[in-house]
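Colleague: I have a structure I would like to understand better, so I am pasting it below and will then ask my questions one at a time.
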Protein chains: 2
Amino acid sequence: MTGTRGYHHGDLRRALLAAAVRVIEESGPAALSLRDLARRAGVSHAAPAHHFGDKAGLLTALAAEGFELLAEALNGAGGDLLDRGVAYVDFAVGHRAHFEVMFRPDLYRPDAEELVAARQRAGDALHSGVAALPEGRPTAADPQGDALAAWSIVHGFATLWLSGALPPRVGDDPRAAAREVIHRLFPKPPAPVPGPPAPAAP
Amino acid sequence: MTGTRGYHHGDLRRALLAAAVRVIEESGPAALSLRDLARRAGVSHAAPAHHFGDKAGLLTALAAEGFELLAEALNGAGGDLLDRGVAYVDFAVGHRAHFEVMFRPDLYRPDAEELVAARQRAGDALHSGVAALPEGRPTAADPQGDALAAWSIVHGFATLWLSGALPPRVGDDPRAAAREVIHRLFPKPPAPVPGPPAPAAP
DNA sequence: GTGTCATCTTGTCAATAGCAAGATACGATC
DNA sequence: GATCGTATCTTGCTATTGACAAGATGACAC
């Protein structure tokens, strides 16, 4: 791949995206500089322009890649809504740089073709999970409403987690904390007796 | 206030913050430039530095102002969790610029004194609402868990709304949509008949 | 009136984004 | 194997920005 470091880099596009991920994870998207990325990749300051046009182009590619990765993560998770919710939070924490860019459309070109397609795939993966509510839950009367609520709660939790706004008491395991939060949205029904609504989770 | 346009502006600090809000609402925080704000206020390019030190200083002030406004909005809303949740979303949509900066700590100095105090006030206002769950709901077994779930769902909904990621079918009334979403987290218990869960809202 | 200080200005430097024009190397075609 | 077309990368340039330094201005207390 990058064995020959001659005139041609070999895989500059990928190297720039990887460097961008590192920079964003360390200092946030505001600190991103095309020239810095070029330096890290060992190329001249104008090389990135050929692959991405401008800064927004690079971030568009990064966001599209993020939506692809999210779709994969969701589809790879278990079938029910709880598993997918945890996978959503897990993706956000594990791919912080992608996630932070994806939902900041002022940084890129939201109507770019590649991005629209990738976002569509992620959206499909998100909604397809709603069909399978957690075990024992009755079929939803309003799947789209359930999907919006589920998306909101996992997205909010992930965002708050990433921004460091959550109090320390929440702990340091995002998956476990996410599971508890999602559980409150779709509590298990009282399995044996179909009586009045059970109290909240343990 | 700004009647005299002599050497001294009169209220430059507030004028710069107001201009920053306009710019961020139009083009996002990435497009913010101190020199542009100075031009809009009719002062020299170095004038903002006296009031805020640097760009991060201005955004710190903006974030602190945002947390203050949020605390006011939450305390001014009705007492129960549903009202406060709607107020939270309403604040995010109505003060989009403040909100977008508040939860982007890489843009400012999160440990600035004024900011920590303001954030604390907003946090208190948020949690004090958990004591009063929506009407008829049994006392929560885990108020902090309820608070985290409620914060997550309203924050997520607000963020998704602002980022334009929600599908058109959600409508154009954030308050109404937020109410429905929050309702799913704290559904009213089936008051008259303890039968099967009632169908969702219209 | 005088001194003091907050406020604002001009001037400067380093870094960045973006564009233009040219150099280099890869690969298809003959 | 030689040649040509093209993708890739470089150098050079301009405009803009953030940040700093030093000085000018005016408000206010005394």
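Chain labels A, B, ... are given in the sequence in which chains occur in the structure tokens; within each chain residues are numbered consecutively from 1, and ligands are likewise numbered from 1 in the order shown.
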Could you tell me which residues of chain A sit within 6 Å of chain B when counting only C-alpha atoms, and give me the result as a list in words?
Modeller: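 Taking only C-alpha atoms into account, Gly28, Phe103, Asp106, Ala149, Ser152, Ile153, His155, Gly156, Phe157, Ser163, Val181, Leu185 and Pro196 of chain A sit within 6 Å of chain B.
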Colleague: Can I get the selected residues back with C-alpha atoms, as a compact mmCIF listing (two decimals), in the first residue's frame?
Modeller:
# COMPACT_ATOMS: atom_id res chain seq x y z
CA GLY A 28 -12.80 18.17 17.96
CA PHE A 103 -24.93 15.22 12.93
CA ASP A 106 -23.21 22.78 8.72
CA ALA A 149 -38.74 7.85 20.68
CA SER A 152 -34.25 10.20 20.40
CA ILE A 153 -33.33 8.47 23.61
CA HIS A 155 -29.10 9.68 20.30
CA GLY A 156 -29.56 11.95 23.28
CA PHE A 157 -27.75 9.63 25.62
CA SER A 163 -20.10 15.97 25.39
CA VAL A 181 -31.92 4.11 29.88
CA LEU A 185 -38.57 3.49 27.35
CA PRO A 196 -51.57 -3.02 36.00
Colleague: Using only C-alpha atoms (C1' of nucleotides), what does the table of chain C residues within 10 Å of chain B look like, with each row giving the shortest atom pair and its distance in Å to one decimal, sorted by chain and ascending number, as a Markdown table?
Modeller:
| residue | atom | partner | partner_atom | distance |
| --- | --- | --- | --- | --- |
| C:DA6 | C1' | B:His50 | CA | 9.5 |
| C:DT7 | C1' | B:His8 | CA | 6.5 |
| C:DC8 | C1' | B:Ala47 | CA | 5.9 |
| C:DT9 | C1' | B:Ser44 | CA | 6.6 |
| C:DT10 | C1' | B:Ser44 | CA | 9.0 |
Colleague: Return as a tab-separated table (two decimals) with N, CA and C atoms (P, O5', C5', C4', C3', O3' and C1' of nucleotides), in the first residue's frame the residues belonging to chain D that are within 12 Å of chain A, counting only C-alpha atoms (C1' of nucleotides).
Modeller:
chain	number	residue	atom	x	y	z
D	7	DA	P	-8.48	11.62	-15.24
D	7	DA	O5'	-8.07	11.09	-13.79
D	7	DA	C5'	-7.71	9.73	-13.63
D	7	DA	C4'	-6.52	9.61	-12.70
D	7	DA	C3'	-6.71	10.33	-11.36
D	7	DA	O3'	-6.30	9.45	-10.31
D	7	DA	C1'	-4.69	11.02	-12.38
D	8	DT	P	-6.59	9.85	-8.78
D	8	DT	O5'	-5.20	10.47	-8.29
D	8	DT	C5'	-4.03	9.65	-8.32
D	8	DT	C4'	-2.80	10.50	-8.14
D	8	DT	C3'	-2.78	11.35	-6.86
D	8	DT	O3'	-1.78	10.83	-6.00
D	8	DT	C1'	-1.90	12.51	-8.74
D	9	DC	P	-1.70	11.39	-4.48
D	9	DC	O5'	-0.71	12.63	-4.61
D	9	DC	C5'	0.67	12.38	-4.84
D	9	DC	C4'	1.36	13.67	-5.26
D	9	DC	C3'	1.41	14.77	-4.19
D	9	DC	O3'	2.74	14.90	-3.71
D	9	DC	C1'	1.00	15.62	-6.38
D	10	DT	P	3.08	16.13	-2.71
D	10	DT	O5'	3.59	17.27	-3.68
D	10	DT	C5'	4.72	17.03	-4.51
D	10	DT	C4'	5.16	18.33	-5.19
D	10	DT	C3'	5.36	19.49	-4.21
D	10	DT	O3'	6.69	19.99	-4.31
D	10	DT	C1'	3.92	20.14	-6.02
D	11	DT	P	7.22	21.07	-3.26
D	11	DT	O5'	7.10	22.46	-4.03
D	11	DT	C5'	7.57	22.59	-5.35
D	11	DT	C4'	7.09	23.90	-5.98
D	11	DT	C3'	7.27	25.15	-5.11
D	11	DT	O3'	7.91	26.15	-5.88
D	11	DT	C1'	5.04	25.01	-5.88
D	12	DG	P	8.36	27.55	-5.21
D	12	DG	O5'	7.12	28.52	-5.53
D	12	DG	C5'	6.62	28.58	-6.84
D	12	DG	C4'	5.43	29.53	-6.91
D	12	DG	C3'	5.51	30.72	-5.96
D	12	DG	O3'	5.21	31.91	-6.67
D	12	DG	C1'	3.43	29.61	-5.71
Colleague: Atom CA of A:Leu34 and atom C1' of D:DC13 are how many Å apart?
Modeller: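 Going from atom CA of A:Leu34 over to atom C1' of D:DC13 covers 17.6 Å.
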Colleague: With only C-alpha atoms (C1' of nucleotides) as the counted atoms, please give the residues lying no more than 12 Å from A:Ala18, apart from itself and same-chain residues fewer than 3 positions off, as a list of chain:residue names.
Modeller: A:Asp11, A:Leu12, A:Arg13, A:Arg14, A:Ala15, A:Val21, A:Arg22, A:Val23, A:Ile24, A:Glu25, A:Leu37, A:Ala38, A:Arg40, A:Ala41, A:Leu58, A:Leu59, A:Ala61, A:Leu62, A:Glu65, A:His95, A:Ala97, A:His98
Colleague: Find the spatial neighbours of D:DC28, counting only C-alpha atoms (C1' of nucleotides), within a cut-off of 12 Å - ignore same-chain residues fewer than 3 positions away - and output them as a PDB file with C-alpha atoms (C1' of nucleotides), in the first residue's frame.
Modeller:
ATOM      1  C1'  DT C   2      -5.753  66.227  36.343  1.00  0.00           C
ATOM      2  C1'  DG C   3      -4.866  61.499  36.710  1.00  0.00           C
ATOM      3  C1'  DT C   4      -6.358  56.846  36.089  1.00  0.00           C
ATOM      4  C1'  DC C   5      -8.270  53.247  33.774  1.00  0.00           C
ATOM      5  C1'  DA C   6     -11.347  50.811  30.761  1.00  0.00           C
TER       6       DA C   6
END
Colleague: Between atom CA of A:Tyr88 and atom CA of A:Asp173, what distance in Å does the model show, to one decimal?
Modeller: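 Going from atom CA of A:Tyr88 over to atom CA of A:Asp173 covers 14.2 Å.
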Colleague: Report as a PyMOL selection string: the residues of stretch 9-161 of chain B with a DSSP assignment of helix (DSSP H, G or I), based on the backbone of this structure.
Modeller: chain B and resi 12-27+29-31+34-41+47-52+55-76+81-94+96-102+105-107+113-131+143-161
